[in-house]
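Structure data follow from upload_36.txt (compact mmCIF, C-alpha atoms):
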# COMPACT_ATOMS: atom_id res chain seq x y z
CA MET A 1 15.26 11.62 -29.10
CA ALA A 2 15.01 8.10 -27.78
CA THR A 3 11.71 7.45 -26.06
CA GLU A 4 11.87 6.54 -22.42
CA ARG A 5 8.88 4.85 -20.90
CA LEU A 6 8.10 3.87 -17.35
CA ALA A 7 5.42 1.34 -16.55
CA ILE A 8 4.49 0.72 -12.93
CA ILE A 9 2.39 -2.23 -11.83
CA ALA A 10 0.31 -1.32 -8.77
CA THR A 11 -1.06 -4.44 -7.06
CA LYS A 12 -1.67 -3.30 -3.48
CA GLY A 13 -4.71 -1.54 -2.05
CA THR A 14 -3.42 -0.16 1.22
CA LEU A 15 -2.80 3.52 1.96
CA ASP A 16 0.98 3.13 2.26
CA MET A 17 1.27 1.10 -0.92
CA ALA A 18 -0.79 3.61 -2.91
CA TYR A 19 1.96 6.21 -2.58
CA PRO A 20 5.00 4.70 -4.36
CA PRO A 21 3.33 4.19 -7.78
CA LEU A 22 1.73 7.64 -7.78
CA ILE A 23 4.86 9.48 -6.60
CA LEU A 24 7.20 7.67 -8.99
CA ALA A 25 4.92 8.06 -12.00
CA SER A 26 4.23 11.77 -11.44
CA VAL A 27 7.90 12.58 -10.87
CA ALA A 28 9.05 10.51 -13.88
CA ALA A 29 6.51 12.36 -16.02
CA SER A 30 7.83 15.70 -14.74
CA LEU A 31 11.31 14.60 -15.88
CA GLY A 32 9.98 13.99 -19.37
CA VAL A 33 9.59 10.21 -19.14
CA GLU A 34 6.36 8.85 -20.61
CA SER A 35 4.69 7.08 -17.68
CA ALA A 36 1.87 4.69 -17.07
CA ILE A 37 0.50 2.87 -14.06
CA PHE A 38 -1.20 -0.47 -14.59
CA PHE A 39 -3.62 -1.09 -11.71
CA THR A 40 -4.32 -4.73 -11.01
CA PHE A 41 -5.81 -6.76 -8.14
CA TYR A 42 -6.11 -4.64 -4.97
CA GLY A 43 -4.31 -1.80 -6.72
CA LEU A 44 -7.62 -1.15 -8.50
CA ASN A 45 -8.92 0.29 -5.23
CA ILE A 46 -6.57 3.27 -5.72
CA ILE A 47 -8.62 4.31 -8.78
CA HIS A 48 -12.02 3.20 -7.39
CA LYS A 49 -14.30 6.21 -6.78
CA GLU A 50 -15.40 5.06 -3.31
CA LYS A 51 -12.64 2.71 -2.19
CA VAL A 52 -9.89 5.27 -2.76
CA LYS A 53 -11.36 7.21 0.18
CA GLN A 54 -11.15 4.11 2.38
CA LEU A 55 -7.56 2.99 1.79
CA LYS A 56 -6.16 1.85 5.12
CA ILE A 57 -2.93 1.19 6.94
CA ALA A 58 -2.91 -2.29 8.49
CA PRO A 59 -1.24 -2.64 11.90
CA VAL A 60 -1.64 -6.45 11.62
CA GLY A 61 1.18 -8.19 9.81
CA ASN A 62 3.24 -5.02 9.74
CA PRO A 63 5.85 -5.23 12.52
CA ALA A 64 7.63 -2.16 11.07
CA MET A 65 4.64 0.05 11.79
CA PRO A 66 5.64 2.92 14.06
CA MET A 67 3.27 4.59 16.50
CA VAL A 68 1.91 7.39 14.39
CA PHE A 69 0.41 9.90 16.78
CA PRO A 70 0.39 13.26 14.94
CA ASP A 71 2.30 16.18 16.50
CA SER A 72 -1.01 17.94 17.23
CA VAL A 73 -2.10 14.98 19.41
CA LYS A 74 1.25 14.81 21.18
CA GLN A 75 1.02 18.49 22.05
CA THR A 76 -2.39 18.09 23.66
CA PRO A 77 -2.20 17.96 27.50
CA VAL A 78 -2.85 14.55 29.14
CA VAL A 79 -3.72 12.80 25.85
CA GLY A 80 -0.35 13.85 24.47
CA GLN A 81 1.50 12.59 27.55
CA LEU A 82 -0.35 9.29 27.25
CA ALA A 83 0.55 9.07 23.55
CA SER A 84 4.21 9.80 24.27
CA LEU A 85 4.23 7.20 27.06
CA MET A 86 2.75 4.60 24.68
CA GLU A 87 5.38 5.44 22.09
CA SER A 88 8.20 5.06 24.61
CA VAL A 89 6.93 1.67 25.84
CA PHE A 90 5.93 0.30 22.43
CA PRO A 91 7.94 1.37 19.41
CA GLY A 92 4.99 0.17 17.35
CA PRO A 93 1.46 -1.00 18.15
CA PRO A 94 1.69 -4.54 19.57
CA GLN A 95 0.47 -6.98 16.90
CA ILE A 96 -2.26 -8.30 19.20
CA MET A 97 -3.86 -4.81 19.25
CA GLY A 98 -4.61 -5.19 15.57
CA ILE A 99 -7.45 -7.58 16.34
CA ILE A 100 -9.29 -4.94 18.37
CA PRO A 101 -12.26 -3.80 16.26
CA GLY A 102 -11.65 -0.30 14.92
CA MET A 103 -7.87 -0.47 15.41
CA THR A 104 -7.12 -0.38 11.68
CA ASP A 105 -9.41 2.63 11.25
CA PHE A 106 -7.82 4.36 14.22
CA MET A 107 -4.26 3.82 12.98
CA THR A 108 -5.33 4.98 9.50
CA ALA A 109 -6.91 8.15 10.88
CA MET A 110 -3.76 8.91 12.91
CA MET A 111 -1.53 8.33 9.88
CA LYS A 112 -3.69 10.51 7.60
CA LYS A 113 -3.66 13.32 10.17
CA ARG A 114 0.10 13.05 10.50
CA MET A 115 0.58 13.05 6.73
CA LYS A 116 -1.49 16.23 6.45
CA GLU A 117 0.55 17.91 9.19
CA LYS A 118 3.80 16.93 7.44
CA GLY A 119 2.66 18.35 4.10
CA VAL A 120 2.42 14.95 2.41
CA ALA A 121 -0.04 14.99 -0.49
CA SER A 122 -3.20 12.88 -0.23
CA VAL A 123 -3.71 9.96 -2.61
CA GLU A 124 -6.49 11.90 -4.37
CA GLU A 125 -4.17 14.90 -4.88
CA LEU A 126 -1.44 12.68 -6.31
CA LEU A 127 -3.94 11.08 -8.70
CA GLU A 128 -4.86 14.55 -9.97
CA LEU A 129 -1.16 15.47 -10.34
CA CYS A 130 -0.58 12.26 -12.30
CA LYS A 131 -3.46 13.10 -14.64
CA GLU A 132 -2.16 16.65 -15.13
CA ALA A 133 1.28 15.24 -15.97
CA ASP A 134 -0.28 12.91 -18.60
CA VAL A 135 0.50 9.74 -16.67
CA LYS A 136 -1.61 6.99 -18.25
CA LEU A 137 -3.74 5.29 -15.60
CA ILE A 138 -4.70 1.86 -16.90
CA PRO A 139 -7.09 -0.49 -15.08
CA CYS A 140 -6.58 -4.22 -15.57
CA GLN A 141 -9.60 -5.72 -17.36
CA MET A 142 -9.27 -9.21 -15.86
CA THR A 143 -9.21 -8.06 -12.23
CA MET A 144 -12.04 -5.58 -12.88
CA ASP A 145 -14.15 -8.57 -14.00
CA LEU A 146 -12.89 -10.64 -11.07
CA PHE A 147 -13.93 -8.03 -8.49
CA GLY A 148 -17.05 -7.00 -10.40
CA TYR A 149 -15.89 -3.39 -10.84
CA LYS A 150 -17.64 -1.51 -13.67
CA ARG A 151 -15.96 1.27 -15.62
CA GLU A 152 -18.30 3.76 -13.90
CA ASP A 153 -17.15 2.53 -10.45
CA LEU A 154 -13.68 3.87 -11.26
CA ILE A 155 -12.53 7.51 -11.30
CA ASP A 156 -12.63 9.64 -14.44
CA GLY A 157 -9.67 10.26 -16.71
CA LEU A 158 -8.50 6.64 -17.00
CA GLU A 159 -7.28 4.87 -20.13
CA PRO A 160 -9.48 2.04 -21.45
CA PRO A 161 -9.06 -1.19 -19.42
CA ALA A 162 -6.26 -3.34 -20.79
CA GLY A 163 -4.42 -6.61 -20.32
CA ALA A 164 -0.89 -7.93 -20.09
CA THR A 165 -0.36 -7.88 -23.86
CA GLU A 166 -1.07 -4.17 -24.10
CA PHE A 167 1.16 -3.57 -21.08
CA PHE A 168 4.11 -5.23 -22.84
CA ASN A 169 3.30 -3.49 -26.10
CA TYR A 170 3.42 -0.13 -24.31
CA LEU A 171 6.86 -0.99 -22.94
CA LEU A 172 8.36 -2.50 -26.08
CA GLU A 173 7.43 0.49 -28.22
CA ALA A 174 9.95 2.51 -26.21
CA ASP A 175 13.70 2.64 -26.78
CA LYS A 176 14.32 2.63 -23.05
CA PRO A 177 11.57 0.80 -21.14
CA MET A 178 11.53 0.73 -17.36
CA VAL A 179 9.29 -1.40 -15.14
CA ILE A 180 8.55 -1.11 -11.45
CA PHE A 181 6.43 -3.59 -9.56
CA VAL A 182 4.66 -2.38 -6.43
CA MET B 1 21.14 36.72 0.12
CA ALA B 2 20.76 35.75 -3.50
CA THR B 3 22.46 37.65 -6.28
CA VAL B 4 19.81 37.02 -8.91
CA THR B 5 16.42 38.67 -9.32
CA PRO B 6 13.61 36.20 -9.96
CA ASP B 7 10.79 36.77 -12.48
CA LYS B 8 8.46 34.61 -10.41
CA THR B 9 8.42 33.09 -6.94
CA LEU B 10 6.98 29.72 -5.95
CA ASP B 11 6.58 29.09 -2.23
CA THR B 12 6.30 25.37 -1.40
CA SER B 13 6.88 25.82 2.34
CA GLY B 14 5.35 22.99 4.37
CA LEU B 15 5.01 20.68 1.37
CA ASN B 16 6.81 17.40 1.18
CA CYS B 17 8.18 15.13 -1.57
CA PRO B 18 7.21 15.02 -4.44
CA LEU B 19 5.17 18.23 -4.35
CA PRO B 20 8.06 20.77 -4.53
CA VAL B 21 9.38 19.16 -7.73
CA LEU B 22 5.95 18.78 -9.34
CA LYS B 23 5.00 22.38 -8.54
CA THR B 24 8.38 23.62 -9.81
CA LYS B 25 7.81 21.84 -13.10
CA LYS B 26 4.35 23.42 -13.43
CA ALA B 27 5.60 26.92 -12.51
CA LEU B 28 8.41 26.71 -15.08
CA GLU B 29 5.86 26.00 -17.81
CA GLU B 30 4.38 29.45 -17.22
CA LEU B 31 7.72 31.24 -17.71
CA GLN B 32 9.49 32.32 -20.90
CA PRO B 33 12.86 30.73 -21.74
CA GLY B 34 15.65 32.53 -19.90
CA GLN B 35 13.39 33.80 -17.11
CA ILE B 36 14.22 32.89 -13.53
CA LEU B 37 12.01 31.04 -11.08
CA GLU B 38 12.60 31.32 -7.36
CA VAL B 39 11.51 28.20 -5.44
CA ILE B 40 11.21 28.28 -1.66
CA SER B 41 11.08 24.92 0.11
CA THR B 42 11.21 23.61 3.66
CA ASP B 43 11.69 20.01 2.52
CA PRO B 44 15.29 18.88 3.17
CA GLY B 45 14.80 16.29 0.43
CA SER B 46 14.56 19.13 -2.08
CA LYS B 47 18.32 19.69 -1.67
CA ALA B 48 18.87 16.53 -3.70
CA ASP B 49 15.68 16.53 -5.74
CA ILE B 50 15.67 20.04 -7.22
CA PRO B 51 19.27 19.80 -8.58
CA ALA B 52 18.43 16.34 -9.98
CA PHE B 53 15.29 17.74 -11.60
CA CYS B 54 17.32 20.56 -13.20
CA GLN B 55 20.05 18.22 -14.38
CA ARG B 56 17.55 15.90 -15.97
CA THR B 57 15.30 18.52 -17.60
CA GLY B 58 18.03 20.91 -18.75
CA HIS B 59 16.90 23.94 -16.75
CA GLU B 60 19.81 25.74 -15.13
CA LEU B 61 20.11 25.85 -11.35
CA VAL B 62 21.67 29.29 -11.04
CA GLU B 63 21.90 29.50 -7.30
CA MET B 64 20.91 27.68 -4.14
CA VAL B 65 20.61 29.47 -0.80
CA GLU B 66 19.92 27.99 2.62
CA GLU B 67 18.60 30.39 5.24
CA GLY B 68 16.52 30.00 8.38
CA GLY B 69 15.46 26.41 7.68
CA LYS B 70 14.42 27.30 4.14
CA TYR B 71 16.01 26.16 0.92
CA ILE B 72 15.78 28.67 -1.88
CA TYR B 73 16.53 27.79 -5.49
CA TYR B 74 16.93 30.04 -8.52
CA ILE B 75 16.22 28.19 -11.73
CA ARG B 76 16.67 29.64 -15.22
CA LYS B 77 14.22 28.13 -17.69
CA LYS B 78 16.02 26.49 -20.57
CA GLY B 79 15.94 28.26 -23.92

Using structure tokens, write down the structure that the file contains.
Amino acid sequence: MATERLAIIATKGTLDMAYPPLILASVAASLGVESAIFFTFYGLNIIHKEKVKQLKIAPVGNPAMPMVFPDSVKQTPVVGQLASLMESVFPGPPQIMGIIPGMTDFMTAMMKKRMKEKGVASVEELLELCKEADVKLIPCQMTMDLFGYKREDLIDGLEPPAGATEFFNYLLEADKPMVIFV
Amino acid sequence: MATVTPDKTLDTSGLNCPLPVLKTKKALEELQPGQILEVISTDPGSKADIPAFCQRTGHELVEMVEEGGKYIYYIRKKG
């Protein structure tokens, strides 16, 4: 059978941008496609032992951001009414609010709570599912050096750090290579 | 009501994409070829994803039932 390989390049280190590579790779693997994720630049934070717990959603520079009060908050008396009122006045948090200290953390906490209530897997869970499905998780050597990340700073179960040449080699060995850039 | 009797049931109620598909794949690994897995899901996205998963992997989607906000799939593991 012709080999099909998917290689995803993960370059972003925000909570929302951690999801697409992990979901696509784990699902592709479950469909029998050999899959790998190449983590470079801020994408390295997704496989960083400590930083993976601190991935955030940024209200600044993201005009598409909805208000993300979880259902449990909206059902609380008074606070819930206030939350609903805010959502009806502002479809999203006004950009200026992003400069308030703690706003990014607050929006992140709200989003994480909402994700949990909606049955969306956490980033850590998806990483485990990727490993179980034999998705190769490859850190980029150059950006590890750039950020000063050591191998032991990153989670277990990764492939050895690699570079662009190995990335292309992985793809070109397949009969049907696919690439996704995130 | 379904017309087939499952050998195993997987309840993914409350879970969202991609968990129903990933858990279905794992549950099928524990079955013998020809056995039937029942998958219960509350994710509307599963209506497209589970048939696509079956089509791609060669497992047979025997039946699909929608009742009370739940989507129930009967999948025969490929031989």

Wanna dump the chain B-chain A contacts at 8 Å for me, each residue with its shortest atom pair and the distance in Å to one decimal, counting only C-alpha atoms, ordered by chain and number, as a tab-separated table?
residue	atom	partner	partner_atom	distance
B:Gly14	CA	A:Gly119	CA	5.4
B:Leu15	CA	A:Gly119	CA	4.3
B:Asn16	CA	A:Gly119	CA	5.2
B:Cys17	CA	A:Val120	CA	7.0
B:Pro18	CA	A:Ile23	CA	6.4
B:Leu19	CA	A:Ala121	CA	7.2
B:Val21	CA	A:Val27	CA	7.4
B:Leu22	CA	A:Ser30	CA	6.5
B:Lys25	CA	A:Ser30	CA	6.4
B:Phe53	CA	A:Leu31	CA	6.6
B:Arg56	CA	A:Leu31	CA	6.4
B:Thr57	CA	A:Leu31	CA	5.9

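The space between CA of Asp175 (chain A) and CA of Ala36 (chain A) spans 15.4 Å.
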
Q: For each of A:Leu171, A:Met110, A:Val60, A:Ile138, take the minimum atom-to-atom distance to Ile46 (chain A), counting only C-alpha atoms, then give the residue where this is smallest.
A: A:Ile138

Q. How many Å separate CA of Gly45 (chain B) from CA of Val65 (chain B)?
A. 14.5 Å

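Taking only C-alpha atoms into account, Leu158 (chain A) lies nearest to A:Ile37 out of the set A:Ile37, A:Val52, A:Val182, A:Ile96.
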
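As for CA of Lys113 (chain A) and CA of Ile57 (chain A), they are spaced 12.6 Å apart.
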
Q: Can you pull out every residue within 8 Å of Ala10 (chain A), counting only C-alpha atoms, but drop anything in the same chain fewer than 4 positions away, and send it as a ChimeraX atom specification?
A: /A:18,21,37-40,43-44,181-182

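Here the question is which of B:Glu63, B:Asp43, B:Glu30, B:Asp11 gets nearest to Lys77 (chain B) using all atoms listed in the file, and that residue is B:Glu30.
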
Q | Who sits within 12 Å of Asp145 (chain A), all atoms listed in the file, same chain under 3 positions skipped, as a PyMOL selection string | A | chain A and resi 40-41+44+139-142+148-151+161-163

Q: Write out as a PyMOL selection string which residues come within 6 Å of Pro6 (chain B) when counting only C-alpha atoms, dropping same-chain ones fewer than 3 positions away.
A: chain B and resi 36-38

Q.
Need the shell around Lys23 (chain B): protein/DNA/RNA residues with any atom at most 9 Å away, counting all atoms listed in the file. Skip same-chain ones fewer than 5 positions apart. Format as a PyMOL selection string?
A. chain B and resi 10+12+18+28

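Ranking A:Gly157, A:Val78, A:Asp16, A:Pro63 by their shortest atom-to-atom distance to Pro93 (chain A), with all atoms listed in the file included, puts A:Pro63 first.
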
Q) How would you write as a PyMOL selection string the residues that get within 12 Å of (16.8, 31.8, -5.4) in the file's frame, counting all atoms listed in the file? A) chain B and resi 1-11+36-41+50+60-67+70-76

Only C-alpha atoms, please: the residues just picked out, written as a PDB file, in the frame of the given file.
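The resulting file, result_14.pdb, is reproduced below:
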ATOM      1  CA  MET B   1      21.140  36.720   0.120  1.00  0.00           C
ATOM      2  CA  ALA B   2      20.760  35.750  -3.500  1.00  0.00           C
ATOM      3  CA  THR B   3      22.460  37.650  -6.280  1.00  0.00           C
ATOM      4  CA  VAL B   4      19.810  37.020  -8.910  1.00  0.00           C
ATOM      5  CA  THR B   5      16.420  38.670  -9.320  1.00  0.00           C
ATOM      6  CA  PRO B   6      13.610  36.200  -9.960  1.00  0.00           C
ATOM      7  CA  ASP B   7      10.790  36.770 -12.480  1.00  0.00           C
ATOM      8  CA  LYS B   8       8.460  34.610 -10.410  1.00  0.00           C
ATOM      9  CA  THR B   9       8.420  33.090  -6.940  1.00  0.00           C
ATOM     10  CA  LEU B  10       6.980  29.720  -5.950  1.00  0.00           C
ATOM     11  CA  ASP B  11       6.580  29.090  -2.230  1.00  0.00           C
ATOM     12  CA  ILE B  36      14.220  32.890 -13.530  1.00  0.00           C
ATOM     13  CA  LEU B  37      12.010  31.040 -11.080  1.00  0.00           C
ATOM     14  CA  GLU B  38      12.600  31.320  -7.360  1.00  0.00           C
ATOM     15  CA  VAL B  39      11.510  28.200  -5.440  1.00  0.00           C
ATOM     16  CA  ILE B  40      11.210  28.280  -1.660  1.00  0.00           C
ATOM     17  CA  SER B  41      11.080  24.920   0.110  1.00  0.00           C
ATOM     18  CA  ILE B  50      15.670  20.040  -7.220  1.00  0.00           C
ATOM     19  CA  GLU B  60      19.810  25.740 -15.130  1.00  0.00           C
ATOM     20  CA  LEU B  61      20.110  25.850 -11.350  1.00  0.00           C
ATOM     21  CA  VAL B  62      21.670  29.290 -11.040  1.00  0.00           C
ATOM     22  CA  GLU B  63      21.900  29.500  -7.300  1.00  0.00           C
ATOM     23  CA  MET B  64      20.910  27.680  -4.140  1.00  0.00           C
ATOM     24  CA  VAL B  65      20.610  29.470  -0.800  1.00  0.00           C
ATOM     25  CA  GLU B  66      19.920  27.990   2.620  1.00  0.00           C
ATOM     26  CA  GLU B  67      18.600  30.390   5.240  1.00  0.00           C
ATOM     27  CA  LYS B  70      14.420  27.300   4.140  1.00  0.00           C
ATOM     28  CA  TYR B  71      16.010  26.160   0.920  1.00  0.00           C
ATOM     29  CA  ILE B  72      15.780  28.670  -1.880  1.00  0.00           C
ATOM     30  CA  TYR B  73      16.530  27.790  -5.490  1.00  0.00           C
ATOM     31  CA  TYR B  74      16.930  30.040  -8.520  1.00  0.00           C
ATOM     32  CA  ILE B  75      16.220  28.190 -11.730  1.00  0.00           C
ATOM     33  CA  ARG B  76      16.670  29.640 -15.220  1.00  0.00           C
TER      34      ARG B  76
END

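For the residues A:Ala164, A:Thr76, A:Val135, A:Asn62, ranking by smallest atom-to-atom distance to Arg5 (chain A) using all atoms listed in the file places A:Val135 first.
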
Using the incomplete input, complete region 143-163 of chain A to the level of N, CA and C atoms; output as a short mmCIF file (atom, residue, chain, number, x, y, z; two decimals), keeping the file's coordinate frame.
data_model
loop_
_atom_site.label_atom_id
_atom_site.label_comp_id
_atom_site.auth_asym_id
_atom_site.auth_seq_id
_atom_site.Cartn_x
_atom_site.Cartn_y
_atom_site.Cartn_z
N THR A 143 -8.89 -8.20 -13.66
CA THR A 143 -9.21 -8.06 -12.23
C THR A 143 -10.46 -7.21 -12.01
N MET A 144 -10.77 -6.30 -12.97
CA MET A 144 -12.04 -5.58 -12.88
C MET A 144 -13.20 -6.57 -12.94
N ASP A 145 -13.11 -7.53 -13.88
CA ASP A 145 -14.15 -8.57 -14.00
C ASP A 145 -14.19 -9.43 -12.75
N LEU A 146 -12.99 -9.78 -12.25
CA LEU A 146 -12.89 -10.64 -11.07
C LEU A 146 -13.58 -10.01 -9.86
N PHE A 147 -13.35 -8.72 -9.66
CA PHE A 147 -13.93 -8.03 -8.49
C PHE A 147 -15.33 -7.46 -8.78
N GLY A 148 -15.75 -7.54 -10.04
CA GLY A 148 -17.05 -7.00 -10.40
C GLY A 148 -17.07 -5.47 -10.43
N TYR A 149 -15.93 -4.85 -10.72
CA TYR A 149 -15.89 -3.39 -10.84
C TYR A 149 -16.29 -2.99 -12.26
N LYS A 150 -17.25 -2.05 -12.36
CA LYS A 150 -17.64 -1.51 -13.67
C LYS A 150 -16.78 -0.29 -13.95
N ARG A 151 -16.72 0.09 -15.23
CA ARG A 151 -15.96 1.27 -15.62
C ARG A 151 -16.43 2.50 -14.83
N GLU A 152 -17.76 2.58 -14.59
CA GLU A 152 -18.30 3.76 -13.90
C GLU A 152 -18.01 3.72 -12.39
N ASP A 153 -17.55 2.59 -11.87
CA ASP A 153 -17.15 2.53 -10.45
C ASP A 153 -15.79 3.20 -10.25
N LEU A 154 -15.04 3.34 -11.35
CA LEU A 154 -13.68 3.87 -11.26
C LEU A 154 -13.69 5.38 -11.54
N ILE A 155 -12.62 6.05 -11.13
CA ILE A 155 -12.53 7.51 -11.30
C ILE A 155 -12.47 7.88 -12.78
N ASP A 156 -12.70 9.15 -13.06
CA ASP A 156 -12.63 9.64 -14.44
C ASP A 156 -11.18 9.83 -14.87
N GLY A 157 -10.99 9.93 -16.17
CA GLY A 157 -9.67 10.26 -16.71
C GLY A 157 -8.75 9.05 -16.87
N LEU A 158 -9.34 7.84 -16.84
CA LEU A 158 -8.50 6.64 -17.00
C LEU A 158 -8.41 6.26 -18.48
N GLU A 159 -7.39 5.48 -18.80
CA GLU A 159 -7.28 4.87 -20.13
C GLU A 159 -8.28 3.71 -20.17
N PRO A 160 -8.59 3.21 -21.38
CA PRO A 160 -9.48 2.04 -21.45
C PRO A 160 -8.83 0.86 -20.73
N PRO A 161 -9.64 -0.02 -20.09
CA PRO A 161 -9.06 -1.19 -19.42
C PRO A 161 -8.26 -2.02 -20.40
N ALA A 162 -7.16 -2.61 -19.90
CA ALA A 162 -6.26 -3.34 -20.79
C ALA A 162 -5.75 -4.60 -20.10
N GLY A 163 -4.98 -5.36 -20.83
CA GLY A 163 -4.42 -6.61 -20.32
C GLY A 163 -2.92 -6.63 -20.43
#
